[in-house]
Amino acid sequence: MTKSPSSPAPGLSPGARVLRVAMNGVTGRMGYRQHLVRSILAIRDDGGVRLPDGSLLQVEPVLVGRDADRLSELARRHGVERWTTDVDAVLADPEVDVYFDAQVTSRRYDALTAAIKAGKHVYTEKPTAETLDQAVDLARLAATSDVTCGVVHDKLYLPGLVKLRRLVDEGFFGRILSLRGEFGYWVFEGDHQAAQRPSWNYRAEDGGGITTDMFCHWNYVLEGILGRVRTVTARAVTHIPFRWDEQGREYAATADDAAYGIFDVETPDGDPVVAQINSSWAVRVFRDELVEFQVDGTHGSAVAGLRRCVAQQRAHTPKPVWNPDLPVTEPFRDQWLEVPANADLDNGFRLQWEEFLRDVAAGREHRFGLLSAARGVQLAELGLRSSAEGRRLDVPEIVL
Ligand SMILES: NC(=O)c1ccc[n+]([C@@H]2O[C@H](COP(=O)([O-])OP(=O)(O)OC[C@H]3O[C@@H](n4cnc5c(N)ncnc54)[C@H](O)[C@@H]3O)[C@@H](O)[C@H]2O)c1
């Protein structure tokens with residue numbers, strides 16, 4: 001590991017408790033932007049995370065990866081003291097407290113297994129594994145260890161979804177009937193304009209596919225807003241069969257780029273809710289945000305995106321009459337009221353990191369761990385199977 005002992009890490013106040021966070025995959029899209037820059041460096045540069053006793057818990061990243069040149073450049077650019085290409089050395093280093101993983105999905109299972117066995121606290125991107133067996137394996141390993149494990153559940157920390165959840169908690173909806181979600185945007189094929197996502201996302205053999213990528217998000221979103229997912233019916237499709245990679249080479253897109261899913265959900269009170277979520281990298285946006293969820297209930301409805309949430313009460317519901325001979329009679333979009341944040345809702349990735357770090361400091365479990373993540377992998381696996389077999393499938397309870 002490279003280290004310059006004479007230069008103290010920036011932002012460290014003398015005597016502050018410091019957690020060293022080994023961050024693997026920081027040259028990637030998510031690892032760099034959301035986790036390194038927007039979360040760990042932002043926390044470090046703000047002086048750390050405030051603990052309940054009023055003290056500060058500081059973080060010090062250790063950059064981990066395969067490309068020494070890129071890591072050293074990143075370390076220099078952001079004033080990070082340590083970086084290394086030797087993952088084993090990081091895991092063997094008693095000064096490293098937390099292992100974070102944002103590598104490509106296919107690398108995750110082995111990396112997390114090694115980290116937990118080495119006694120490191122683990123924080124990781126989703127999905128936690130490529131197969132349910134592996135995801136359950138990880139959850140079992142975590143359950144028998146005394147480390148804190150957290151899995152990115154970023155959507156639940158987004159302002160839009162925080163507001164939506166508040167409406168559920170306040171009983172705004174009455175009996176909830178349905179949720180419909182629309183996620184997606186056009187991902188360029190890469191020939192004339194470079195694709196805005198990595199090419200491995202479109203190759204099944206490299207762990208790609210939108211069902212694998214998104215159903216693990218939808219599982220915790222549905223659990224976090226409504227309740228447990230009991231069945232899944234899905235249709236996974238590859239709309240664009242050929243794409244061009246980062247080097248401009250044409251390749252066969254072997255993974256699904258759209259997934260149309262219907263989920264039977266059961267609320268904690270045992271009420272059924274039908275949820276329907278479209279996910280697509282082959283759709284053009286005529287929405288206010290790249291993801292939107294509409295929840296309809298007997299007493300009100302709401303539409304939440306990443307940031308905004310608007311709602312309409314039963315008493316304010318218009319009474320349109322279907323008549324194709326007349327132009328639209330109501331300004332439907334104007335009839336919704338903005339739900340205020342009433343709190344400082346920061347970047348969702350950073351908020352979850354802060355919660356996770358406080359959990360590590362307190363030696364307790366993080367509320368979104370490897371079992372919740374395994375349910376996400378399960379939903380993706382069942383979604384793909386439902387599509388292949390053309391039928392609705394039950395989602396069995398995972399028992400560790
Ligand atoms: N939470 C979210 O909203 C969200 C969004 C996108 C991606 N992700 C997840 O984050 C992870 C990374 O996705 P990304 O879009 O940043 O991908 P990316 O391709 O931009 O980055 C992948 C990282 O893994 C490294 N890597 C690539 N191949 C490797 C190999 N064979 N061995 C070791 N390391 C390798 C790369 O160097 C890079 O650092 C994926 O698991 C993905 O599912 C999460």
# chains A, B, ... in the order shown; residues from 1 in each chain; ligands from 1
>>> select_by_dssp(residues="region 127-260 of chain A", states="strand (DSSP E or B)", output="PyMOL selection string")
chain A and resi 149-151+176-184+186+228-237+242-244+250-252+258-260
>>> closest_atom_pairs(of="chain A", to="ligand 1", cutoff="9 Å", atoms="only C-alpha atoms and all ligand atoms", output="JSON lines")
{"residue": "A:Asn24", "atom": "CA", "partner": "ligand 1", "partner_atom_place_in_ligand_line": "39 (O)", "distance": 7.0}
{"residue": "A:Gly25", "atom": "CA", "partner": "ligand 1", "partner_atom_place_in_ligand_line": "39 (O)", "distance": 3.4}
{"residue": "A:Val26", "atom": "CA", "partner": "ligand 1", "partner_atom_place_in_ligand_line": "39 (O)", "distance": 5.0}
{"residue": "A:Thr27", "atom": "CA", "partner": "ligand 1", "partner_atom_place_in_ligand_line": "39 (O)", "distance": 3.9}
{"residue": "A:Gly28", "atom": "CA", "partner": "ligand 1", "partner_atom_place_in_ligand_line": "21 (O)", "distance": 3.2}
{"residue": "A:Arg29", "atom": "CA", "partner": "ligand 1", "partner_atom_place_in_ligand_line": "16 (O)", "distance": 3.7}
{"residue": "A:Met30", "atom": "CA", "partner": "ligand 1", "partner_atom_place_in_ligand_line": "16 (O)", "distance": 3.8}
{"residue": "A:Gly31", "atom": "CA", "partner": "ligand 1", "partner_atom_place_in_ligand_line": "16 (O)", "distance": 5.6}
{"residue": "A:Tyr32", "atom": "CA", "partner": "ligand 1", "partner_atom_place_in_ligand_line": "16 (O)", "distance": 7.6}
{"residue": "A:Arg33", "atom": "CA", "partner": "ligand 1", "partner_atom_place_in_ligand_line": "16 (O)", "distance": 8.7}
{"residue": "A:Gln34", "atom": "CA", "partner": "ligand 1", "partner_atom_place_in_ligand_line": "1 (N)", "distance": 8.7}
{"residue": "A:Val64", "atom": "CA", "partner": "ligand 1", "partner_atom_place_in_ligand_line": "39 (O)", "distance": 8.8}
{"residue": "A:Gly65", "atom": "CA", "partner": "ligand 1", "partner_atom_place_in_ligand_line": "37 (O)", "distance": 6.5}
{"residue": "A:Arg66", "atom": "CA", "partner": "ligand 1", "partner_atom_place_in_ligand_line": "34 (N)", "distance": 6.6}
{"residue": "A:Asp67", "atom": "CA", "partner": "ligand 1", "partner_atom_place_in_ligand_line": "37 (O)", "distance": 7.5}
{"residue": "A:Asp101", "atom": "CA", "partner": "ligand 1", "partner_atom_place_in_ligand_line": "11 (C)", "distance": 8.0}
{"residue": "A:Ala102", "atom": "CA", "partner": "ligand 1", "partner_atom_place_in_ligand_line": "11 (C)", "distance": 4.6}
{"residue": "A:Gln103", "atom": "CA", "partner": "ligand 1", "partner_atom_place_in_ligand_line": "24 (O)", "distance": 3.3}
{"residue": "A:Val104", "atom": "CA", "partner": "ligand 1", "partner_atom_place_in_ligand_line": "24 (O)", "distance": 4.3}
{"residue": "A:Thr105", "atom": "CA", "partner": "ligand 1", "partner_atom_place_in_ligand_line": "41 (O)", "distance": 3.8}
{"residue": "A:Ser106", "atom": "CA", "partner": "ligand 1", "partner_atom_place_in_ligand_line": "41 (O)", "distance": 7.6}
{"residue": "A:Arg107", "atom": "CA", "partner": "ligand 1", "partner_atom_place_in_ligand_line": "32 (N)", "distance": 5.9}
{"residue": "A:Arg108", "atom": "CA", "partner": "ligand 1", "partner_atom_place_in_ligand_line": "41 (O)", "distance": 7.4}
{"residue": "A:Thr124", "atom": "CA", "partner": "ligand 1", "partner_atom_place_in_ligand_line": "10 (O)", "distance": 8.6}
{"residue": "A:Glu125", "atom": "CA", "partner": "ligand 1", "partner_atom_place_in_ligand_line": "10 (O)", "distance": 5.2}
{"residue": "A:Lys126", "atom": "CA", "partner": "ligand 1", "partner_atom_place_in_ligand_line": "43 (O)", "distance": 5.4}
{"residue": "A:Pro127", "atom": "CA", "partner": "ligand 1", "partner_atom_place_in_ligand_line": "43 (O)", "distance": 5.7}
{"residue": "A:Thr128", "atom": "CA", "partner": "ligand 1", "partner_atom_place_in_ligand_line": "41 (O)", "distance": 7.7}
{"residue": "A:Ala129", "atom": "CA", "partner": "ligand 1", "partner_atom_place_in_ligand_line": "41 (O)", "distance": 8.7}
{"residue": "A:Val152", "atom": "CA", "partner": "ligand 1", "partner_atom_place_in_ligand_line": "1 (N)", "distance": 6.0}
{"residue": "A:His153", "atom": "CA", "partner": "ligand 1", "partner_atom_place_in_ligand_line": "1 (N)", "distance": 7.0}
{"residue": "A:Asp154", "atom": "CA", "partner": "ligand 1", "partner_atom_place_in_ligand_line": "1 (N)", "distance": 6.0}
{"residue": "A:Lys155", "atom": "CA", "partner": "ligand 1", "partner_atom_place_in_ligand_line": "3 (O)", "distance": 7.5}
{"residue": "A:Arg197", "atom": "CA", "partner": "ligand 1", "partner_atom_place_in_ligand_line": "15 (O)", "distance": 6.5}
{"residue": "A:Pro198", "atom": "CA", "partner": "ligand 1", "partner_atom_place_in_ligand_line": "19 (O)", "distance": 5.1}
{"residue": "A:Ser199", "atom": "CA", "partner": "ligand 1", "partner_atom_place_in_ligand_line": "19 (O)", "distance": 7.7}
{"residue": "A:Trp200", "atom": "CA", "partner": "ligand 1", "partner_atom_place_in_ligand_line": "19 (O)", "distance": 7.0}
{"residue": "A:Asn201", "atom": "CA", "partner": "ligand 1", "partner_atom_place_in_ligand_line": "15 (O)", "distance": 7.8}
{"residue": "A:Asp206", "atom": "CA", "partner": "ligand 1", "partner_atom_place_in_ligand_line": "31 (N)", "distance": 9.0}
{"residue": "A:Gly207", "atom": "CA", "partner": "ligand 1", "partner_atom_place_in_ligand_line": "41 (O)", "distance": 8.5}
{"residue": "A:Gly208", "atom": "CA", "partner": "ligand 1", "partner_atom_place_in_ligand_line": "43 (O)", "distance": 8.2}
{"residue": "A:Thr212", "atom": "CA", "partner": "ligand 1", "partner_atom_place_in_ligand_line": "43 (O)", "distance": 8.0}
{"residue": "A:Asp213", "atom": "CA", "partner": "ligand 1", "partner_atom_place_in_ligand_line": "43 (O)", "distance": 5.4}
{"residue": "A:Met214", "atom": "CA", "partner": "ligand 1", "partner_atom_place_in_ligand_line": "43 (O)", "distance": 8.3}
{"residue": "A:His217", "atom": "CA", "partner": "ligand 1", "partner_atom_place_in_ligand_line": "1 (N)", "distance": 7.8}
{"residue": "A:Phe349", "atom": "CA", "partner": "ligand 1", "partner_atom_place_in_ligand_line": "1 (N)", "distance": 8.2}
>>> write_last_selection(atoms="C-alpha atoms", output="mmCIF file, in the first residue's frame")
data_model
loop_
_atom_site.group_PDB
_atom_site.id
_atom_site.type_symbol
_atom_site.label_atom_id
_atom_site.label_comp_id
_atom_site.auth_asym_id
_atom_site.auth_seq_id
_atom_site.Cartn_x
_atom_site.Cartn_y
_atom_site.Cartn_z
ATOM 1 C CA ASN A 24 -12.823 -1.039 -4.261
ATOM 2 C CA GLY A 25 -14.196 0.028 -7.650
ATOM 3 C CA VAL A 26 -13.663 3.784 -7.249
ATOM 4 C CA THR A 27 -12.592 4.129 -10.875
ATOM 5 C CA GLY A 28 -16.137 3.113 -11.877
ATOM 6 C CA ARG A 29 -19.193 5.274 -12.376
ATOM 7 C CA MET A 30 -20.932 4.602 -9.043
ATOM 8 C CA GLY A 31 -17.795 4.050 -6.985
ATOM 9 C CA TYR A 32 -16.290 7.362 -8.003
ATOM 10 C CA ARG A 33 -19.154 9.808 -8.180
ATOM 11 C CA GLN A 34 -21.690 8.675 -5.589
ATOM 12 C CA VAL A 64 -8.396 -0.035 -4.057
ATOM 13 C CA GLY A 65 -8.429 -1.254 -7.649
ATOM 14 C CA ARG A 66 -6.521 -2.805 -10.523
ATOM 15 C CA ASP A 67 -5.017 0.217 -12.261
ATOM 16 C CA ASP A 101 -17.340 -2.742 -2.967
ATOM 17 C CA ALA A 102 -18.574 -1.068 -6.162
ATOM 18 C CA GLN A 103 -16.841 -3.374 -8.604
ATOM 19 C CA VAL A 104 -18.683 -5.021 -11.458
ATOM 20 C CA THR A 105 -21.365 -7.304 -10.037
ATOM 21 C CA SER A 106 -19.599 -10.525 -11.109
ATOM 22 C CA ARG A 107 -16.685 -9.740 -8.734
ATOM 23 C CA ARG A 108 -18.853 -9.061 -5.702
ATOM 24 C CA THR A 124 -21.569 -2.690 -0.764
ATOM 25 C CA GLU A 125 -23.341 -1.791 -3.940
ATOM 26 C CA LYS A 126 -26.175 -3.998 -5.108
ATOM 27 C CA PRO A 127 -26.734 -6.670 -6.292
ATOM 28 C CA THR A 128 -24.715 -8.572 -3.711
ATOM 29 C CA ALA A 129 -24.305 -11.594 -5.980
ATOM 30 C CA VAL A 152 -26.901 0.298 -0.820
ATOM 31 C CA HIS A 153 -30.678 0.938 -0.660
ATOM 32 C CA ASP A 154 -30.237 4.450 -2.015
ATOM 33 C CA LYS A 155 -33.706 4.944 -3.483
ATOM 34 C CA ARG A 197 -23.729 3.227 -19.298
ATOM 35 C CA PRO A 198 -20.918 0.626 -19.265
ATOM 36 C CA SER A 199 -21.138 -2.056 -21.983
ATOM 37 C CA TRP A 200 -21.053 -4.956 -19.481
ATOM 38 C CA ASN A 201 -24.592 -3.921 -18.483
ATOM 39 C CA ASP A 206 -20.646 -10.300 -17.705
ATOM 40 C CA GLY A 207 -23.436 -9.957 -15.133
ATOM 41 C CA GLY A 208 -25.498 -7.417 -17.109
ATOM 42 C CA THR A 212 -30.722 -8.153 -12.420
ATOM 43 C CA ASP A 213 -29.829 -4.483 -12.084
ATOM 44 C CA MET A 214 -33.205 -3.008 -11.143
ATOM 45 C CA HIS A 217 -33.930 -1.923 -6.154
ATOM 46 C CA PHE A 349 -25.990 7.758 -0.966
#
>>> closest_residue(among="A:Val377, A:Val360, A:Ala89, A:Ala311", to="Gln335 (chain A)", atoms="only C-alpha atoms")
A:Ala311
>>> select_by_dssp(residues="region 92-274 of chain A", states="alpha helix (DSSP H)", output="ChimeraX atom specification")
/A:92,108-117,132-143,159-169,210-225
>>> closest_residue(among="A:Leu222, A:Ala341, A:Val162, A:Ala374", to="Gly150 (chain A)", atoms="only C-alpha atoms")
A:Ala374
>>> residues_around(residues="region 261-272 of chain A", least_positions_apart="6", cutoff="9 Å", atoms="only C-alpha atoms", output="ChimeraX atom specification")
/A:175-178,215,222-223,226-236,278-279,383,392
>>> write_last_selection(atoms="C-alpha atoms", output="compact mmCIF listing (two decimals), in the first residue's frame")
# COMPACT_ATOMS: atom_id res chain seq x y z
CA ARG A 175 -56.45 1.64 1.81
CA ILE A 176 -53.63 1.45 -0.70
CA LEU A 177 -54.74 -0.15 -3.95
CA SER A 178 -51.84 0.00 -6.36
CA PHE A 215 -35.38 -5.69 -9.50
CA LEU A 222 -41.71 -2.02 -2.46
CA GLU A 223 -40.76 -3.33 1.00
CA LEU A 226 -45.70 -0.84 0.95
CA GLY A 227 -44.76 -4.30 2.26
CA ARG A 228 -43.41 -7.71 1.25
CA VAL A 229 -43.47 -8.89 -2.36
CA ARG A 230 -45.41 -12.18 -2.58
CA THR A 231 -45.49 -12.92 -6.33
CA VAL A 232 -43.79 -11.74 -9.50
CA THR A 233 -44.84 -11.79 -13.13
CA ALA A 234 -42.28 -10.34 -15.51
CA ARG A 235 -41.43 -10.03 -19.15
CA ALA A 236 -37.72 -9.35 -19.77
CA ASN A 278 -41.62 -0.83 -16.06
CA SER A 279 -37.84 -0.64 -16.31
CA GLY A 383 -38.35 -12.24 -12.50
CA ARG A 392 -46.49 -15.84 -12.31
>>> atom_distance(atom1="CA of Leu36 (chain A)", atom2="CA of Arg358 (chain A)")
17.7 Å
>>> closest_residue(among="A:Asp110, A:Asp296, A:Glu246, A:Glu354", to="His366 (chain A)", atoms="only C-alpha atoms")
A:Glu354
>>> closest_residue(among="A:Ala253, A:Leu379, A:Glu189, A:Val122", to="Pro396 (chain A)", atoms="only C-alpha atoms")
A:Leu379
>>> residues_around(residues="Gly171 (chain A)", least_positions_apart="2", cutoff="12 Å", atoms="only C-alpha atoms", output="PyMOL selection string")
chain A and resi 164-169+173-176+226+297-301+313
>>> residues_around(residues="region 41-47 of chain A", least_positions_apart="3", cutoff="6 Å", atoms="only C-alpha atoms", output="compact mmCIF listing (two decimals) with C-alpha atoms, in the first residue's frame")
# COMPACT_ATOMS: atom_id res chain seq x y z
CA GLY A 11 -9.75 17.21 7.43
CA LEU A 36 -16.10 8.44 -3.15
CA VAL A 37 -16.85 12.05 -4.12
CA ARG A 38 -20.44 12.62 -3.00
CA VAL A 59 -13.42 8.67 7.68
>>> atom_distance(atom1="CA of Ala92 (chain A)", atom2="CA of Ala135 (chain A)")
23.7 Å
>>> residues_around(residues="Gly184 (chain A)", least_positions_apart="2", cutoff="6 Å", atoms="only C-alpha atoms", output="list in words")
Ser279, Ser280, Trp281 and Leu290 of chain A
>>> write_last_selection(atoms="N, CA and C atoms", output="mmCIF file, in the first residue's frame")
data_model
loop_
_atom_site.group_PDB
_atom_site.id
_atom_site.type_symbol
_atom_site.label_atom_id
_atom_site.label_comp_id
_atom_site.auth_asym_id
_atom_site.auth_seq_id
_atom_site.Cartn_x
_atom_site.Cartn_y
_atom_site.Cartn_z
ATOM 1 N N SER A 279 -39.233 -1.077 -16.341
ATOM 2 C CA SER A 279 -37.837 -0.639 -16.306
ATOM 3 C C SER A 279 -37.301 -0.754 -17.727
ATOM 4 N N SER A 280 -36.698 0.305 -18.240
ATOM 5 C CA SER A 280 -36.236 0.209 -19.630
ATOM 6 C C SER A 280 -35.085 1.157 -19.910
ATOM 7 N N TRP A 281 -34.107 0.630 -20.660
ATOM 8 C CA TRP A 281 -33.029 1.470 -21.186
ATOM 9 C C TRP A 281 -33.290 1.761 -22.661
ATOM 10 N N LEU A 290 -36.485 10.618 -13.960
ATOM 11 C CA LEU A 290 -36.122 9.360 -14.622
ATOM 12 C C LEU A 290 -36.800 8.151 -13.976
#
>>> residues_around(residues="Thr238 (chain A)", least_positions_apart="2", cutoff="8 Å", atoms="only C-alpha atoms", output="JSON list (two decimals) with C-alpha atoms, in the first residue's frame")
[["chain", "number", "residue", "atom", "x", "y", "z"],
["A", 236, "ALA", "CA", -37.72, -9.35, -19.77],
["A", 240, "ILE", "CA", -31.69, -3.52, -28.95],
["A", 241, "PRO", "CA", -29.76, -6.65, -30.05],
["A", 253, "ALA", "CA", -26.35, -7.41, -26.46],
["A", 254, "THR", "CA", -27.11, -10.73, -24.77],
["A", 255, "ALA", "CA", -28.81, -9.25, -21.68],
["A", 256, "ASP", "CA", -32.31, -7.83, -21.27],
["A", 257, "ASP", "CA", -32.60, -4.05, -21.66],
["A", 258, "ALA", "CA", -36.25, -3.79, -20.57]]
